[in-house]
Structure formats: structure tokens, C-alpha cells
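Data file: data_4.txt. Format and content: compact mmCIF, C-alpha atoms.
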```txt
# COMPACT_ATOMS: atom_id res chain seq x y z
CA MET A 52 -123.66 73.19 -148.48
CA ASP A 53 -122.83 69.55 -149.21
CA TYR A 54 -124.48 67.61 -146.45
CA LEU A 55 -123.82 64.06 -147.77
CA PRO A 56 -120.44 63.43 -146.02
CA LEU A 57 -121.84 64.86 -142.81
CA ALA A 58 -124.92 62.64 -142.99
CA SER A 59 -122.74 59.59 -143.79
CA ILE A 60 -120.50 60.09 -140.76
CA PHE A 61 -123.51 60.68 -138.52
CA CYS A 62 -125.30 57.59 -139.81
CA ALA A 63 -122.17 55.44 -139.47
CA ALA A 64 -121.90 56.38 -135.81
CA PHE A 65 -125.61 55.74 -135.33
CA ALA A 66 -125.44 52.37 -137.06
CA VAL A 67 -122.69 51.12 -134.74
CA ALA A 68 -124.15 52.68 -131.60
CA PHE A 69 -127.68 51.34 -131.99
CA GLY A 70 -126.55 48.17 -133.68
CA ALA A 71 -124.50 47.28 -130.63
CA ILE A 72 -127.39 47.58 -128.15
CA GLY A 73 -129.40 44.57 -129.32
CA PRO A 74 -126.53 42.06 -129.50
CA ALA A 75 -125.15 43.31 -126.16
CA LEU A 76 -128.45 42.62 -124.38
CA ALA A 77 -128.85 39.32 -126.19
CA GLU A 78 -125.33 38.14 -125.38
CA GLY A 79 -125.86 39.11 -121.76
CA ARG A 80 -128.99 36.98 -121.60
CA ALA A 81 -127.28 34.06 -123.33
CA VAL A 82 -124.28 34.11 -121.00
CA ALA A 83 -126.54 34.45 -117.95
CA ALA A 84 -128.57 31.45 -119.05
CA ALA A 85 -125.40 29.43 -119.70
CA MET A 86 -124.01 30.35 -116.26
CA ASP A 87 -127.28 29.26 -114.70
CA ALA A 88 -127.15 25.97 -116.57
CA ILE A 89 -123.52 25.33 -115.56
CA ALA A 90 -124.32 26.12 -111.93
CA ARG A 91 -127.15 23.58 -112.00
CA GLN A 92 -125.21 20.96 -113.91
CA PRO A 93 -121.43 21.46 -113.67
CA GLU A 94 -120.70 18.15 -115.42
CA ALA A 95 -122.31 19.49 -118.62
CA ALA A 96 -120.06 22.58 -118.63
CA ASP A 97 -118.11 21.41 -121.71
CA THR A 98 -121.13 20.99 -123.93
CA ILE A 99 -122.78 24.15 -122.65
CA SER A 100 -119.79 26.38 -123.20
CA ARG A 101 -119.20 24.96 -126.67
CA THR A 102 -122.80 25.62 -127.67
CA LEU A 103 -122.60 29.02 -125.99
CA PHE A 104 -119.60 30.04 -128.11
CA VAL A 105 -121.33 29.13 -131.35
CA GLY A 106 -124.50 30.90 -130.21
CA LEU A 107 -122.60 34.01 -129.18
CA ALA A 108 -120.93 34.12 -132.58
CA MET A 109 -124.36 33.96 -134.20
CA ILE A 110 -125.68 36.80 -132.06
CA GLU A 111 -122.56 38.84 -132.60
CA THR A 112 -123.06 38.69 -136.35
CA THR A 113 -125.80 41.32 -136.19
CA ALA A 114 -123.40 43.77 -134.57
CA ILE A 115 -120.76 42.91 -137.16
CA TYR A 116 -123.27 43.63 -139.94
CA CYS A 117 -123.80 47.10 -138.47
CA LEU A 118 -120.04 47.60 -138.36
CA VAL A 119 -119.72 46.62 -142.01
CA ILE A 120 -122.53 49.04 -142.94
CA ALA A 121 -120.73 51.80 -141.02
CA LEU A 122 -117.48 51.03 -142.82
CA LEU A 123 -119.26 51.04 -146.17
CA LEU A 124 -120.68 54.47 -145.34
CA LEU A 125 -117.26 55.78 -144.32
CA PHE A 126 -114.93 54.21 -146.86
CA ALA A 127 -116.91 52.93 -149.82
CA ASN A 128 -119.89 55.27 -149.94
CA PRO A 129 -121.55 54.98 -153.36
CA LEU A 130 -123.26 58.36 -152.91
CA LEU A 131 -119.99 60.23 -152.45
CA ALA A 132 -118.18 58.68 -155.40
CA MET B 108 -105.82 55.80 -142.55
CA ASN B 109 -106.24 53.18 -145.28
CA SER B 110 -109.70 51.85 -145.96
CA PRO B 111 -110.11 48.31 -144.57
CA LEU B 112 -112.17 47.42 -147.63
CA GLU B 113 -109.29 47.95 -150.06
CA SER B 114 -106.24 45.73 -150.40
CA VAL B 115 -102.61 46.63 -151.00
CA ILE B 116 -101.26 45.50 -154.37
CA LEU B 117 -97.63 44.39 -154.16
CA PHE B 118 -96.82 43.52 -157.79
CA GLN B 119 -98.39 42.41 -161.06
CA LEU B 120 -98.14 38.82 -162.28
CA GLY B 121 -99.05 39.28 -165.95
CA PRO B 122 -102.56 40.74 -165.95
CA ILE B 123 -103.27 39.63 -162.36
CA PRO B 124 -102.46 42.00 -159.49
CA ILE B 125 -100.99 40.15 -156.50
CA THR B 126 -102.02 41.65 -153.18
CA LYS B 127 -100.22 41.53 -149.87
CA ALA B 128 -102.88 39.19 -148.46
CA VAL B 129 -102.28 36.68 -151.26
CA VAL B 130 -98.54 36.59 -150.60
CA THR B 131 -99.21 36.06 -146.88
CA THR B 132 -101.66 33.29 -147.76
CA TRP B 133 -99.03 31.59 -149.93
CA PHE B 134 -96.56 31.81 -147.08
CA ILE B 135 -99.03 30.25 -144.61
CA MET B 136 -99.88 27.50 -147.08
CA ALA B 137 -96.19 26.72 -147.60
CA VAL B 138 -95.59 26.58 -143.84
CA LEU B 139 -98.60 24.32 -143.27
CA VAL B 140 -97.64 21.91 -146.05
CA PHE B 141 -94.02 21.86 -144.92
CA LEU B 142 -95.01 21.18 -141.29
CA ALA B 143 -97.49 18.50 -142.31
CA PHE B 144 -94.80 16.80 -144.40
CA LEU B 145 -92.17 17.11 -141.68
CA LEU B 146 -94.40 15.87 -138.84
CA THR B 147 -95.85 12.85 -140.66
CA ARG B 148 -92.63 11.66 -142.27
CA LYS B 149 -91.66 8.86 -139.91
CA LEU B 150 -94.82 7.58 -138.22
CA SER B 151 -94.38 4.48 -136.09
CA LEU B 152 -96.56 2.37 -133.84
CA ALA B 153 -94.63 3.41 -130.75
CA PRO B 154 -94.95 7.18 -131.00
CA THR B 155 -92.05 9.52 -130.54
CA ARG B 156 -92.56 12.74 -128.64
CA ARG B 157 -93.31 14.62 -131.85
CA GLN B 158 -95.82 12.06 -133.01
CA ALA B 159 -97.54 11.97 -129.63
CA ALA B 160 -98.15 15.71 -129.80
CA LEU B 161 -99.53 15.34 -133.30
CA GLU B 162 -101.79 12.49 -132.25
CA LEU B 163 -103.06 14.56 -129.34
CA PHE B 164 -104.06 17.32 -131.73
CA VAL B 165 -105.79 14.97 -134.18
CA ALA B 166 -107.59 13.18 -131.33
CA THR B 167 -108.84 16.50 -129.96
CA LEU B 168 -110.09 17.43 -133.43
CA ASP B 169 -111.89 14.09 -133.75
CA THR B 170 -113.52 14.47 -130.35
CA GLN B 171 -114.70 17.97 -131.23
CA ILE B 172 -116.21 16.83 -134.53
CA ARG B 173 -117.93 13.86 -132.89
CA ASP B 174 -119.23 15.90 -129.95
CA THR B 175 -120.52 18.82 -132.00
CA THR B 176 -122.36 16.84 -134.63
CA GLY B 177 -122.35 13.15 -133.78
CA ALA B 178 -120.82 12.40 -137.16
CA HIS B 179 -118.00 9.97 -137.75
CA PRO B 180 -114.94 12.22 -137.99
CA GLY B 181 -112.95 10.25 -140.59
CA LEU B 182 -114.57 11.89 -143.61
CA TYR B 183 -114.43 15.45 -142.38
CA ARG B 184 -111.16 15.51 -140.44
CA GLY B 185 -109.03 16.68 -143.34
CA PHE B 186 -111.24 19.53 -144.49
CA ILE B 187 -112.35 20.84 -141.10
CA GLY B 188 -108.88 20.49 -139.57
CA THR B 189 -107.21 22.33 -142.44
CA LEU B 190 -109.84 25.05 -142.29
CA PHE B 191 -109.29 25.52 -138.55
CA LEU B 192 -105.49 25.48 -138.74
CA PHE B 193 -105.35 27.84 -141.71
CA ILE B 194 -107.70 30.42 -140.18
CA LEU B 195 -105.95 30.17 -136.81
CA ILE B 196 -102.51 30.82 -138.28
CA ALA B 197 -103.93 33.50 -140.59
CA ASN B 198 -105.45 35.30 -137.58
CA TRP B 199 -102.34 34.99 -135.45
CA ILE B 200 -99.87 36.02 -138.14
CA SER B 201 -100.56 39.64 -137.15
CA LEU B 202 -98.04 38.95 -134.37
CA VAL B 203 -95.29 39.13 -136.99
CA PRO B 204 -94.44 42.83 -137.31
CA GLY B 205 -95.50 44.37 -140.62
CA VAL B 206 -97.76 41.48 -141.60
CA ASP B 207 -101.54 41.92 -141.66
CA PRO B 208 -103.74 38.86 -141.25
CA PRO B 209 -105.08 37.85 -144.68
CA THR B 210 -108.45 37.12 -143.06
CA ALA B 211 -108.80 40.89 -142.49
CA ASN B 212 -109.38 41.17 -146.25
CA LEU B 213 -112.74 40.56 -147.87
CA GLU B 214 -111.42 38.33 -150.65
CA THR B 215 -109.69 35.72 -148.43
CA ASP B 216 -112.81 35.28 -146.29
CA ALA B 217 -115.00 35.16 -149.39
CA ALA B 218 -112.80 32.40 -150.80
CA LEU B 219 -113.07 30.43 -147.54
CA ALA B 220 -116.85 30.85 -147.52
CA VAL B 221 -117.11 29.66 -151.14
CA LEU B 222 -115.04 26.65 -150.11
CA VAL B 223 -117.50 25.88 -147.30
CA PHE B 224 -120.47 26.33 -149.64
CA LEU B 225 -118.98 23.91 -152.19
CA SER B 226 -118.05 21.43 -149.47
CA ILE B 227 -121.65 21.40 -148.20
CA VAL B 228 -122.79 20.44 -151.72
CA TRP B 229 -119.93 17.93 -152.13
CA PHE B 230 -120.39 16.14 -148.81
CA GLY B 231 -124.16 16.27 -149.19
CA VAL B 232 -124.14 14.72 -152.67
CA ARG B 233 -121.55 12.19 -151.58
CA ALA B 234 -123.53 11.01 -148.56
CA ILE B 235 -127.11 11.07 -149.85
CA GLY B 236 -126.85 11.42 -153.64
CA VAL B 237 -127.95 14.27 -155.91
CA GLY B 238 -131.65 13.52 -155.36
CA GLY B 239 -131.19 13.37 -151.61
CA TYR B 240 -129.30 16.64 -151.62
CA LEU B 241 -131.99 18.38 -153.66
CA LYS B 242 -134.60 16.94 -151.31
CA THR B 243 -132.99 18.74 -148.36
CA PHE B 244 -134.32 21.98 -149.82
CA ALA B 245 -137.87 20.68 -149.44
CA THR B 246 -137.60 20.02 -145.70
CA PRO B 247 -139.80 20.26 -143.66
CA ASN B 248 -142.17 20.74 -146.63
CA VAL B 249 -142.32 22.09 -150.19
CA VAL B 250 -143.36 25.61 -149.14
CA MET B 251 -139.92 26.13 -147.64
CA ILE B 252 -137.99 25.71 -150.93
CA PRO B 253 -137.36 29.43 -151.62
CA LEU B 254 -136.44 30.07 -147.99
CA ASN B 255 -134.08 27.10 -147.89
CA MET B 256 -132.38 28.20 -151.09
CA LEU B 257 -131.96 31.69 -149.65
CA ALA B 258 -130.68 30.26 -146.38
CA SER B 259 -128.05 28.11 -148.08
CA VAL B 260 -126.46 31.28 -149.44
CA THR B 261 -127.04 33.64 -146.53
CA ARG B 262 -125.64 31.34 -143.84
CA VAL B 263 -122.37 31.05 -145.75
CA PHE B 264 -122.42 34.79 -146.41
CA SER B 265 -122.86 35.50 -142.70
CA MET B 266 -119.90 33.22 -141.88
CA PHE B 267 -117.79 35.26 -144.27
CA VAL B 268 -118.90 38.64 -142.94
CA ARG B 269 -118.45 37.44 -139.34
CA LEU B 270 -114.85 36.34 -139.84
CA PHE B 271 -114.02 39.46 -141.83
CA GLY B 272 -115.68 41.81 -139.35
CA ASN B 273 -114.05 40.30 -136.28
CA VAL B 274 -110.50 40.10 -137.59
CA MET B 275 -110.64 43.39 -139.47
CA SER B 276 -112.09 45.30 -136.51
CA GLY B 277 -109.26 43.94 -134.34
CA VAL B 278 -106.60 45.14 -136.79
CA PHE B 279 -108.43 48.45 -137.23
CA VAL B 280 -108.72 49.16 -133.50
CA VAL B 281 -105.03 48.37 -132.93
CA GLY B 282 -104.18 50.73 -135.81
CA ILE B 283 -106.29 53.56 -134.39
CA VAL B 284 -104.94 53.14 -130.85
CA THR B 285 -101.35 53.04 -132.11
CA SER B 286 -101.83 56.24 -134.10
CA LEU B 287 -103.46 57.95 -131.09
CA ALA B 288 -101.52 56.71 -128.09
CA GLY B 289 -98.16 55.31 -129.15
CA LEU B 290 -96.12 52.16 -129.23
CA LEU B 291 -96.82 49.94 -126.20
CA ILE B 292 -100.42 50.91 -125.41
CA PRO B 293 -102.20 48.52 -127.86
CA ILE B 294 -100.58 45.37 -126.40
CA PRO B 295 -103.63 44.38 -124.28
CA LEU B 296 -105.83 44.85 -127.34
CA MET B 297 -103.49 42.61 -129.33
CA ALA B 298 -103.77 39.96 -126.62
CA LEU B 299 -107.55 40.22 -126.94
CA ASP B 300 -107.12 39.77 -130.70
CA LEU B 301 -105.35 36.46 -130.10
CA LEU B 302 -108.38 35.21 -128.19
CA THR B 303 -110.78 36.52 -130.85
CA GLY B 304 -108.68 34.87 -133.55
CA LEU B 305 -108.81 31.50 -131.80
CA VAL B 306 -112.55 31.72 -131.12
CA GLN B 307 -113.32 32.81 -134.68
CA ALA B 308 -111.24 29.99 -136.17
CA TYR B 309 -113.03 27.52 -133.91
CA ILE B 310 -116.45 28.95 -134.78
CA PHE B 311 -115.78 28.97 -138.51
CA ALA B 312 -114.75 25.31 -138.44
CA ALA B 313 -117.59 24.34 -136.09
CA LEU B 314 -120.24 26.09 -138.19
CA ALA B 315 -118.91 24.52 -141.39
CA MET B 316 -119.18 21.14 -139.68
CA VAL B 317 -122.70 21.86 -138.39
CA PHE B 318 -123.93 22.98 -141.83
CA ILE B 319 -122.45 19.93 -143.54
CA THR B 320 -123.96 17.45 -141.10
CA ALA B 321 -127.28 19.32 -141.09
CA THR B 322 -127.47 18.86 -144.87
CA VAL B 323 -126.47 15.20 -144.63
CA GLY B 324 -128.92 14.59 -141.77
CA ASP B 325 -131.86 16.35 -143.47
CA GLY B 326 -131.67 14.13 -146.52
CA LYS B 327 -131.78 10.86 -144.63
CA PRO B 328 -135.07 9.03 -144.03
CA GLU B 329 -136.68 9.44 -140.61
CA GLN B 330 -135.69 6.04 -139.26
CA GLN B 331 -132.01 6.52 -139.97
CA ASN B 332 -132.20 9.94 -138.42
CA ALA B 333 -133.62 8.49 -135.22
CA GLN B 334 -130.87 5.89 -135.25
CA ILE B 335 -128.22 8.57 -135.56
CA THR B 336 -129.59 10.53 -132.64
CA SER B 337 -129.78 7.41 -130.50
CA THR B 338 -126.14 6.53 -131.23
CA LYS B 339 -125.20 10.11 -130.50
CA LYS B 340 -126.70 9.69 -127.04
CA ASP B 341 -124.76 6.47 -126.51
CA VAL B 342 -121.48 8.13 -127.35
```

Translate the structure described by the file into C-alpha cells.
Amino acid sequence: MDYLPLASIFCAAFAVAFGAIGPALAEGRAVAAAMDAIARQPEAADTISRTLFVGLAMIETTAIYCLVIALLLLFANPLLA
Amino acid sequence: MNSPLESVILFQLGPIPITKAVVTTWFIMAVLVFLAFLLTRKLSLAPTRRQAALELFVATLDTQIRDTTGAHPGLYRGFIGTLFLFILIANWISLVPGVDPPTANLETDAALAVLVFLSIVWFGVRAIGVGGYLKTFATPNVVMIPLNMLASVTRVFSMFVRLFGNVMSGVFVVGIVTSLAGLLIPIPLMALDLLTGLVQAYIFAALAMVFITATVGDGKPEQQNAQITSTKKDV
């Protein structure tokens, strides 16, 4: 039995599922910290939210990497070619 | 379902295949140039309504550049503003039925990232000279040279993968939901895509700006650096 496609699909799902956990926790922490900072210092809300957006994008990149790996496994798998 | 990593070839121009994304990019470029020409044709000291709107946009851009990095916006306005506007329109063009955003293709994002990489070198050399630019690789000390060289490529690469991943996943999810559930169901997801598109365009431009000024700032002597930070506080 050819197990390579099966393993690829399984690993793609695993990559996205586990790859999403870390960034989700990290983004939660970052947003919580930003909310805390805004509550303490509402006049700095502009700067904080701007920095927050850039930081969130950075954190999100790890999840996006996992997504790209999953897509490579599904659509451009070198082992299945 | 089509693979998101492949692109649709529309026609051949001699030996070069022209993809759908390239045609969309040409269209966006034409619209941007046409609008820029139309809006700046008759500028006067007492602004008309059209000019006031334009000035509002440029002023917002300048404030953003100054606030994010503390740099004088005059040098960077053209590049960063064009980058932001192009990516924004490219992300939002998915609202036109039958048109996919060109930023959902690897090659468009790669081209944008190469542009940012070259602009970091260009602005760096322009501000602090070739020697100064090369010296930025040796900050904070000589041991960091291999890491800094690696970082100069990987940070641009991550910008490219981030833009591609975000826009492409939006298009992909809308495609899947449409094929599963029908016509009107994906509308909330498309609204979310508009927000993602705006945020990604902003982040791409902001990160390009941050990388450029980081390179320029690293190459300057300590005293000037301190001066820059103090003026940043004053502003």
C-alpha cells in the first residue's frame, strides 16, 4: 500500500493544528498586555495599537509558515511527484 | 480545486507566459498612474475639494512615517506610499468578480520583497555610504556578521511569505466555503478579508520603513544616534 499521500495529508493537518497553538497563545498574551497598557495610559493608545499591529503580524508569521508547509505537502509535494 | 501555488497562464508574449496575476498587476498600475496624474494635474495654493482630500492622505502618510520611525518623511514618502497603495488595491481587487488578488500569487509578493530588499540597500548606501552600509552588518560587533547577513535575507523573506500566506489563505477559504455552502454564505469572510488586506498592506509598508531606518540608524555614529532619538522624543 502506498502510504505517502496518506502521511502527507495527516502531516499537513498536524502542521496547521499544532502550528496554530503557539501563535494563538502568544497573540493572546500580546493583546492582553496591550489592553493593560491602554487601560493604564489611554493617551498612548495610538502608539500602542500601532506597535501591537506590527508585533501581531510578526507573531502571526510562524502560523503562516506552518500553513505554507501544509500547502507544500498537499499541492507541491516533492515526494509524490 | 486549483493549487494556490500555481498560477493561471492567460497567453504567451513571445517566449514569456503572461499570467492572470500579471495582467491584474498591469491594470492596477495603470489605474494608479492615471489617478496620480489626474489628481495632481492642477495643484493650487488654495486647495480645491479634490486637492484637500489628497493632501489629507499625504499628511496622514507623513505622520505615520514620522511616528513609526522618527525619520524625515520626504525621502521615503514616494516609495512607502506607492508600496502601501499598490498592496492595498491589489488586496481589495478581489471585490471585482472573477479577479483574484495578484498578491495571492507567490511571484508578485516575491517581486515586492525583492523591491524592499533593494530599497534597503539603496537608502542605506545613499544615507551613510557604501562603507557605512557594510558596517551595519558588524553591529553590535564583528561576531554578528554571519547572523546579520542571514537576517537581511530572512526578514525580507518572512515579509513575502506573510503577505502571500494571509492574502492567499483568505482567497482559499472563500473558495472552499463557496464550493461547500453556496453563493451568499462567504460574504462575512470576504468582509474579514478586506480588514486583513488593509492590515497587511499597512504592515508591509511599516516593516519596509522600519527595516530601512534601522539600517540607516545602525550605520550612524553613536552621537548622531542619540541626537536622533532625542529629536524623536521632542516630536

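Near range 263-276 of chain B, within a cut-off of 7 Å and counting all atoms listed in the file, sit the residues Thr112, Ile115 and Val119 of chain A; Asn198, Thr210, Ala211, Asn212, Leu213, Asp216, Ala217, Ala220, Phe224, Ser259, Val260, Thr261, Val278, Phe279, Val280, Gly304, Gln307 and Phe311 of chain B, with same-chain residues fewer than 2 positions away left out.
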
Set the distance at 12 Å and use all atoms listed in the file: which residues neighbour Ala88 in chain A once local chain neighbours fewer than 5 positions away are removed? I'd like the list as an mmCIF file with C-alpha atoms, in the frame of the given file.
```
data_model
loop_
_atom_site.group_PDB
_atom_site.id
_atom_site.type_symbol
_atom_site.label_atom_id
_atom_site.label_comp_id
_atom_site.auth_asym_id
_atom_site.auth_seq_id
_atom_site.Cartn_x
_atom_site.Cartn_y
_atom_site.Cartn_z
ATOM 1 C CA ALA A 81 -127.280 34.060 -123.330
ATOM 2 C CA VAL A 82 -124.280 34.110 -121.000
ATOM 3 C CA ALA A 83 -126.540 34.450 -117.950
ATOM 4 C CA PRO A 93 -121.430 21.460 -113.670
ATOM 5 C CA GLU A 94 -120.700 18.150 -115.420
ATOM 6 C CA ALA A 95 -122.310 19.490 -118.620
ATOM 7 C CA ALA A 96 -120.060 22.580 -118.630
ATOM 8 C CA ASP A 97 -118.110 21.410 -121.710
ATOM 9 C CA THR A 98 -121.130 20.990 -123.930
ATOM 10 C CA ILE A 99 -122.780 24.150 -122.650
ATOM 11 C CA SER A 100 -119.790 26.380 -123.200
ATOM 12 C CA THR A 102 -122.800 25.620 -127.670
ATOM 13 C CA LEU A 103 -122.600 29.020 -125.990
#
```

Given a cut-off of 12 Å, which residues of chain A touch chain B, counting only C-alpha atoms, written out as number ranges by chain?
-> A: 97-128

Counting all atoms listed in the file, what is within 8 Å of Leu168 in chain B, bar same-chain residues fewer than 4 positions away, as an MDAnalysis selection string?
-> chainID B and resid 164 172 184 188

File of the preceding selection, C-alpha atoms, as a JSON list (two decimals), keeping the file's coordinate frame:
```json
[["chain", "number", "residue", "atom", "x", "y", "z"],
["B", 164, "PHE", "CA", -104.06, 17.32, -131.73],
["B", 172, "ILE", "CA", -116.21, 16.83, -134.53],
["B", 184, "ARG", "CA", -111.16, 15.51, -140.44],
["B", 188, "GLY", "CA", -108.88, 20.49, -139.57]]
```

Two-atom distance - CA of Gly231 in chain B, CA of Thr243 in chain B (Å) = 9.2 Å

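Counting from CA of Val67 in chain A, the distance to CA of Ile283 in chain B is 16.6 Å.
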
Enter the distance from CA of Phe230 in chain B to CA of Thr322 in chain B, in Å, rounded to one decimal.
-> 8.5 Å

Around all the atoms of range 77-86 of chain A listed in the file, with 3 Å of room on each side, what axis-aligned box do you get, giving centre and edge lengths in Å to one decimal, as AutoDock Vina command-line options?
```
--center_x -126.5 --center_y 34.4 --center_z -121.2 --size_x 11.0 --size_y 15.9 --size_z 15.9
```

Give me the residues within 12 Å of Asp53 in chain A as a VMD selection string, counting all atoms listed in the file and dropping any in the same chain fewer than 3 places off.
-> chain A and resid 56 to 59 130 to 131

Thr189 in chain B environment, 12 Å, all atoms listed in the file, sequence neighbours closer than 2 positions dropped, as a ChimeraX atom specification | /B:135-136,139-140,143,165,168,183-187,191-197,219,222-223,308-309,311-312,315

Mind listing as a ChimeraX atom specification all residues within 12 Å of (-138.0, 18.4, -148.7), counting all atoms listed in the file?
-> /B:238-256,322,325-328

Residues from last step as file, C-alpha atoms, as a tab-separated table (two decimals), keeping the file's coordinate frame:
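Result written to out32.tsv:
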```tsv
chain	number	residue	atom	x	y	z
B	238	GLY	CA	-131.65	13.52	-155.36
B	239	GLY	CA	-131.19	13.37	-151.61
B	240	TYR	CA	-129.30	16.64	-151.62
B	241	LEU	CA	-131.99	18.38	-153.66
B	242	LYS	CA	-134.60	16.94	-151.31
B	243	THR	CA	-132.99	18.74	-148.36
B	244	PHE	CA	-134.32	21.98	-149.82
B	245	ALA	CA	-137.87	20.68	-149.44
B	246	THR	CA	-137.60	20.02	-145.70
B	247	PRO	CA	-139.80	20.26	-143.66
B	248	ASN	CA	-142.17	20.74	-146.63
B	249	VAL	CA	-142.32	22.09	-150.19
B	250	VAL	CA	-143.36	25.61	-149.14
B	251	MET	CA	-139.92	26.13	-147.64
B	252	ILE	CA	-137.99	25.71	-150.93
B	253	PRO	CA	-137.36	29.43	-151.62
B	254	LEU	CA	-136.44	30.07	-147.99
B	255	ASN	CA	-134.08	27.10	-147.89
B	256	MET	CA	-132.38	28.20	-151.09
B	322	THR	CA	-127.47	18.86	-144.87
B	325	ASP	CA	-131.86	16.35	-143.47
B	326	GLY	CA	-131.67	14.13	-146.52
B	327	LYS	CA	-131.78	10.86	-144.63
B	328	PRO	CA	-135.07	9.03	-144.03
```

Could I see range 299-320 of chain B restored to N, CA and C atoms, set down as a short mmCIF file (atom, residue, chain, number, x, y, z; two decimals), in the coordinates of the input?
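The resulting part-v5.cif:
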```cif
data_model
loop_
_atom_site.label_atom_id
_atom_site.label_comp_id
_atom_site.auth_asym_id
_atom_site.auth_seq_id
_atom_site.Cartn_x
_atom_site.Cartn_y
_atom_site.Cartn_z
N LEU B 299 -106.13 40.53 -126.73
CA LEU B 299 -107.55 40.22 -126.94
C LEU B 299 -107.78 39.68 -128.36
N ASP B 300 -107.02 40.24 -129.31
CA ASP B 300 -107.12 39.77 -130.70
C ASP B 300 -106.75 38.31 -130.83
N LEU B 301 -105.75 37.88 -130.04
CA LEU B 301 -105.35 36.46 -130.10
C LEU B 301 -106.52 35.58 -129.71
N LEU B 302 -107.22 35.98 -128.64
CA LEU B 302 -108.38 35.21 -128.19
C LEU B 302 -109.47 35.22 -129.26
N THR B 303 -109.76 36.43 -129.81
CA THR B 303 -110.78 36.52 -130.85
C THR B 303 -110.40 35.64 -132.04
N GLY B 304 -109.12 35.66 -132.41
CA GLY B 304 -108.68 34.87 -133.55
C GLY B 304 -108.93 33.39 -133.32
N LEU B 305 -108.60 32.92 -132.11
CA LEU B 305 -108.81 31.50 -131.80
C LEU B 305 -110.29 31.16 -131.84
N VAL B 306 -111.11 32.01 -131.18
CA VAL B 306 -112.55 31.72 -131.12
C VAL B 306 -113.16 31.75 -132.51
N GLN B 307 -112.75 32.72 -133.34
CA GLN B 307 -113.32 32.81 -134.68
C GLN B 307 -112.92 31.61 -135.54
N ALA B 308 -111.66 31.17 -135.41
CA ALA B 308 -111.24 29.99 -136.17
C ALA B 308 -112.06 28.78 -135.75
N TYR B 309 -112.25 28.64 -134.42
CA TYR B 309 -113.03 27.52 -133.91
C TYR B 309 -114.47 27.58 -134.43
N ILE B 310 -115.05 28.80 -134.38
CA ILE B 310 -116.45 28.95 -134.78
C ILE B 310 -116.63 28.70 -136.26
N PHE B 311 -115.68 29.19 -137.06
CA PHE B 311 -115.78 28.97 -138.51
C PHE B 311 -115.78 27.48 -138.80
N ALA B 312 -114.83 26.75 -138.19
CA ALA B 312 -114.75 25.31 -138.44
C ALA B 312 -115.99 24.60 -137.91
N ALA B 313 -116.44 25.01 -136.70
CA ALA B 313 -117.59 24.34 -136.09
C ALA B 313 -118.85 24.56 -136.92
N LEU B 314 -119.04 25.81 -137.39
CA LEU B 314 -120.24 26.09 -138.19
C LEU B 314 -120.21 25.35 -139.51
N ALA B 315 -119.02 25.28 -140.15
CA ALA B 315 -118.91 24.52 -141.39
C ALA B 315 -119.34 23.08 -141.15
N MET B 316 -118.85 22.52 -140.03
CA MET B 316 -119.18 21.14 -139.68
C MET B 316 -120.68 20.98 -139.43
N VAL B 317 -121.26 21.94 -138.70
CA VAL B 317 -122.70 21.86 -138.39
C VAL B 317 -123.53 21.94 -139.66
N PHE B 318 -123.16 22.84 -140.59
CA PHE B 318 -123.93 22.98 -141.83
C PHE B 318 -123.84 21.71 -142.67
N ILE B 319 -122.62 21.14 -142.74
CA ILE B 319 -122.45 19.93 -143.54
C ILE B 319 -123.31 18.81 -142.98
N THR B 320 -123.21 18.57 -141.65
CA THR B 320 -123.96 17.45 -141.10
C THR B 320 -125.45 17.72 -141.09
#
```
